[in-house]
2 protein chains.
Amino acid sequence: VMSRDEVVQNLAALELPNAAIVDSTASPDIVAAYPDYVKANMHIITPNKVANVLDWAHYESLMQLMRSRQKHFLYEANVGAGLPVISTLKDLIASGDTIIQIEGILSGTLSYLFNNYDGTIPFSKLVEKAHSLGFTEPDPREDLSGQDVARKLLILARQLGSRLDLKDISVESLVPKQLRSGNLPKDFYAKLSSSDEAIHRRYLDARARKRVLRFVGTLRDGKGTAGLKQFPLGHPFAGAQGSDNIITFTTKRYSHTPMVVQGPGAGADVTAMGVFSDILKLLHYLPY
Amino acid sequence: VMSRDEVVQNLAALELPNAAIVDSTASPDIVAAYPDYVKANMHIITPNKVANVLDWAHYESLMQLMRSRQKHFLYEANVGAGLPVISTLKDLIASGDTIIQIEGILSGTLSYLFNNYDGTIPFSKLVEKAHSLGFTEPDPREDLSGQDVARKLLILARQLGSRLDLKDISVESLVPKQLRSGNLPKDFYAKLSSSDEAIHRRYLDARARKRVLRFVGTLRDGKGTAGLKQFPLGHPFAGAQGSDNIITFTTKRYSHTPMVVQGPGAGADVTAMGVFSDILKLLHYLPY
């Protein structure tokens, strides 16, 4: 078996004019090797979010390297899997529109939880059910913490030229403080039930105002926030189904009602579609 | 002033390797000249729907000519203006998905009418109001007849390789039979009121079933249909706002819930965006 370094060296030795590496991992180790791939003359296509959420200095130096080597970096599947989110945002910007707000349900897990929560089952039980159905990460705190939403917001913010870092995104975690660190306790769901009453109160408050509760991420005025918010019944977020992602773009042109992209935003097949459409795009970008 | 033929001849004489004509008209005359532009070595970018709804034989021979001359034909703004509809459909197909159904609110005018109709104002009065607000074509029968929806369905169907013609799309016209031909009568809205009661009954029937009434186009099993249909309150179409277009793609991958693209689908600025994103796409497609 070749080491990662040997793989890069062997690829570089081939002097392929238009090669690309498709990083289908979620691994920081592979991202650490991106500069080597770029120097070995390769474009990069990936659903891996790690590179796009590096701290600003490392992110910017990687982008700088790619620009100087004229290498393409394509990551449509970073947000919404196969949904046309990154490409749409790039088109809006490239065609001269001004982005006023990007807001969305960016986590399939949190989408499922709040599309289905109606107070009849305690929130902690619903999370347990979602986990047993395979709708959450193995450690459900990764979803409940809102960190995945924050990462996607950061990726969208950086399309707008923002210099935000992950720590600048203000996130409401649904994991009680005493459960946030360490290994997942065996009685996690029993302990999570300590927040059932608070969630139920917020649900009832929204319902009394004829609103729904959704966990959304918002980019506006250069700031990123994520948390539970109320939306009126006619709002696109109220119509979310299953574990849909929904992303709304409010722009100078799309100001009266936003442009909305909605649909399943996770899963192997739709993620593969996002990656494959990037491969096709790269084929169009390349001169021969 | 040069004639159209002289313009084409002069352009051809320049022997530009990668020129494109952007047809920003709605004119059949310009479309009649597309073969000349293609033979003069030009790509074509347009929001004009006329070429894409030519009868099959003429359409296919034009496409054949473009393919044989390796010319790009880009028309994102044909459906939904700046919304990523055509490009998304092409990506779904190119990445190997199977399209099961495309269904949508494809007319901004009909979207506005049924998003706002609640029985308090007769339907004919609402059409008159929409007309006075500039939300309809100068002759509102062009919207009410559903023909514009049929054209967009045909364009989507042809992306799927369908050999349908416009006459094959089965459309429910909202224009009473006696008003369908001839010039627009001065008392059109008074005459249109003959259908107010029927529309009101259909609205009440939908409401009694906790449903909404929407004018939608549907492609399924190789057939295209357009007309008024009922949808449950949780359906994406029930959440349509203003004069939004909504297009849903149900595919082998997007089967549990569809992929949805929504937003304003008409207007100069958003149409210009669709055209401009095609120009950017062409720049990527071209080798130098």
# chains A, B, ... in the order shown; residues from 1 in each chain; ligands from 1
$ interface_residues --of "chain A" --to "chain B" --cutoff "8 Å" --atoms "only C-alpha atoms" --output "VMD selection string"
chain A and resid 83 to 84 88 91 to 92 94 to 95 234 to 236 239 to 242 244 253 to 254 257 to 264 269 to 270 273 276 to 277 284 to 288
$ residues_around --residues "B:Leu154" --least-positions-apart "5" --cutoff "10 Å" --atoms "only C-alpha atoms" --output "list in words"
Asn52, Val53, Leu54, Asp148, Val149, Gln159, Leu160, Ser162, Arg163, Leu164, Asp165, Leu166, Lys167, Asp168, Ile169, Leu219, Lys223, Gly224 and Thr225 of chain B
$ residues_around --residues "stretch 128-134 of chain B" --least-positions-apart "3" --cutoff "8 Å" --atoms "only C-alpha atoms" --output "count of residues only"
9
$ select_by_dssp --residues "stretch 178-235 of chain A" --states "helix (DSSP H, G or I)" --output "compact mmCIF listing (two decimals) with C-alpha atoms, in the first residue's frame"
# COMPACT_ATOMS: atom_id res chain seq x y z
CA GLN A 178 -23.73 19.35 31.30
CA LEU A 179 -23.93 16.98 28.29
CA PHE A 188 -28.00 10.38 27.06
CA TYR A 189 -31.69 10.46 26.13
CA ALA A 190 -32.81 10.25 29.76
CA LYS A 191 -30.50 13.16 30.56
CA LEU A 192 -31.60 15.08 27.45
CA SER A 193 -35.17 14.92 28.82
CA SER A 194 -34.18 17.75 31.18
CA SER A 195 -34.77 20.09 28.22
CA ASP A 196 -38.10 18.55 27.15
CA GLU A 197 -40.19 21.01 29.09
CA ALA A 198 -38.39 24.07 27.73
CA ILE A 199 -38.80 22.86 24.13
CA HIS A 200 -42.46 22.11 24.75
CA ARG A 201 -43.06 25.61 26.14
CA ARG A 202 -41.44 27.17 23.08
CA TYR A 203 -43.54 24.95 20.82
CA LEU A 204 -46.77 25.97 22.60
CA ASP A 205 -45.79 29.64 22.46
CA ALA A 206 -45.26 29.41 18.70
CA ARG A 207 -48.52 27.50 18.20
CA ALA A 208 -50.48 30.10 20.18
$ residues_around --residues "stretch 64-70 of chain A" --least-positions-apart "4" --cutoff "8 Å" --atoms "only C-alpha atoms" --output "JSON, numbers by chain"
{"A": [35, 38, 39, 41, 60]}
$ write_last_selection --atoms "all heavy atoms" --output "compact mmCIF listing (two decimals), in the first residue's frame"
# COMPACT_ATOMS: atom_id res chain seq x y z
N PRO A 35 -2.86 21.05 -0.50
CA PRO A 35 -1.79 21.82 -1.15
C PRO A 35 -0.89 20.94 -2.01
O PRO A 35 -0.47 21.35 -3.10
CB PRO A 35 -1.03 22.44 0.03
CG PRO A 35 -2.04 22.52 1.12
CD PRO A 35 -2.89 21.29 0.96
N VAL A 38 -2.70 20.15 -5.24
CA VAL A 38 -2.72 21.32 -6.12
C VAL A 38 -1.35 21.51 -6.77
O VAL A 38 -1.26 21.74 -7.98
CB VAL A 38 -3.13 22.58 -5.32
CG1 VAL A 38 -2.94 23.85 -6.17
CG2 VAL A 38 -4.60 22.47 -4.87
N LYS A 39 -0.30 21.35 -5.95
CA LYS A 39 1.05 21.49 -6.52
C LYS A 39 1.35 20.37 -7.51
O LYS A 39 2.17 20.55 -8.41
CB LYS A 39 2.08 21.50 -5.38
CG LYS A 39 2.07 22.82 -4.61
CD LYS A 39 2.97 22.75 -3.38
CE LYS A 39 2.69 23.91 -2.43
NZ LYS A 39 3.21 23.64 -1.07
N ASN A 41 -0.68 19.59 -9.60
CA ASN A 41 -1.43 20.02 -10.79
C ASN A 41 -2.86 19.50 -10.85
O ASN A 41 -3.43 19.35 -11.94
CB ASN A 41 -0.67 19.61 -12.06
CG ASN A 41 -0.85 20.63 -13.17
OD1 ASN A 41 -1.18 21.79 -12.90
ND2 ASN A 41 -0.67 20.20 -14.40
N GLU A 60 -7.65 31.02 3.47
CA GLU A 60 -7.25 31.99 2.46
C GLU A 60 -5.95 31.57 1.78
O GLU A 60 -5.80 31.74 0.57
CB GLU A 60 -7.13 33.38 3.09
CG GLU A 60 -6.71 34.49 2.14
CD GLU A 60 -7.54 34.61 0.87
OE1 GLU A 60 -8.69 34.13 0.88
OE2 GLU A 60 -7.04 35.17 -0.13
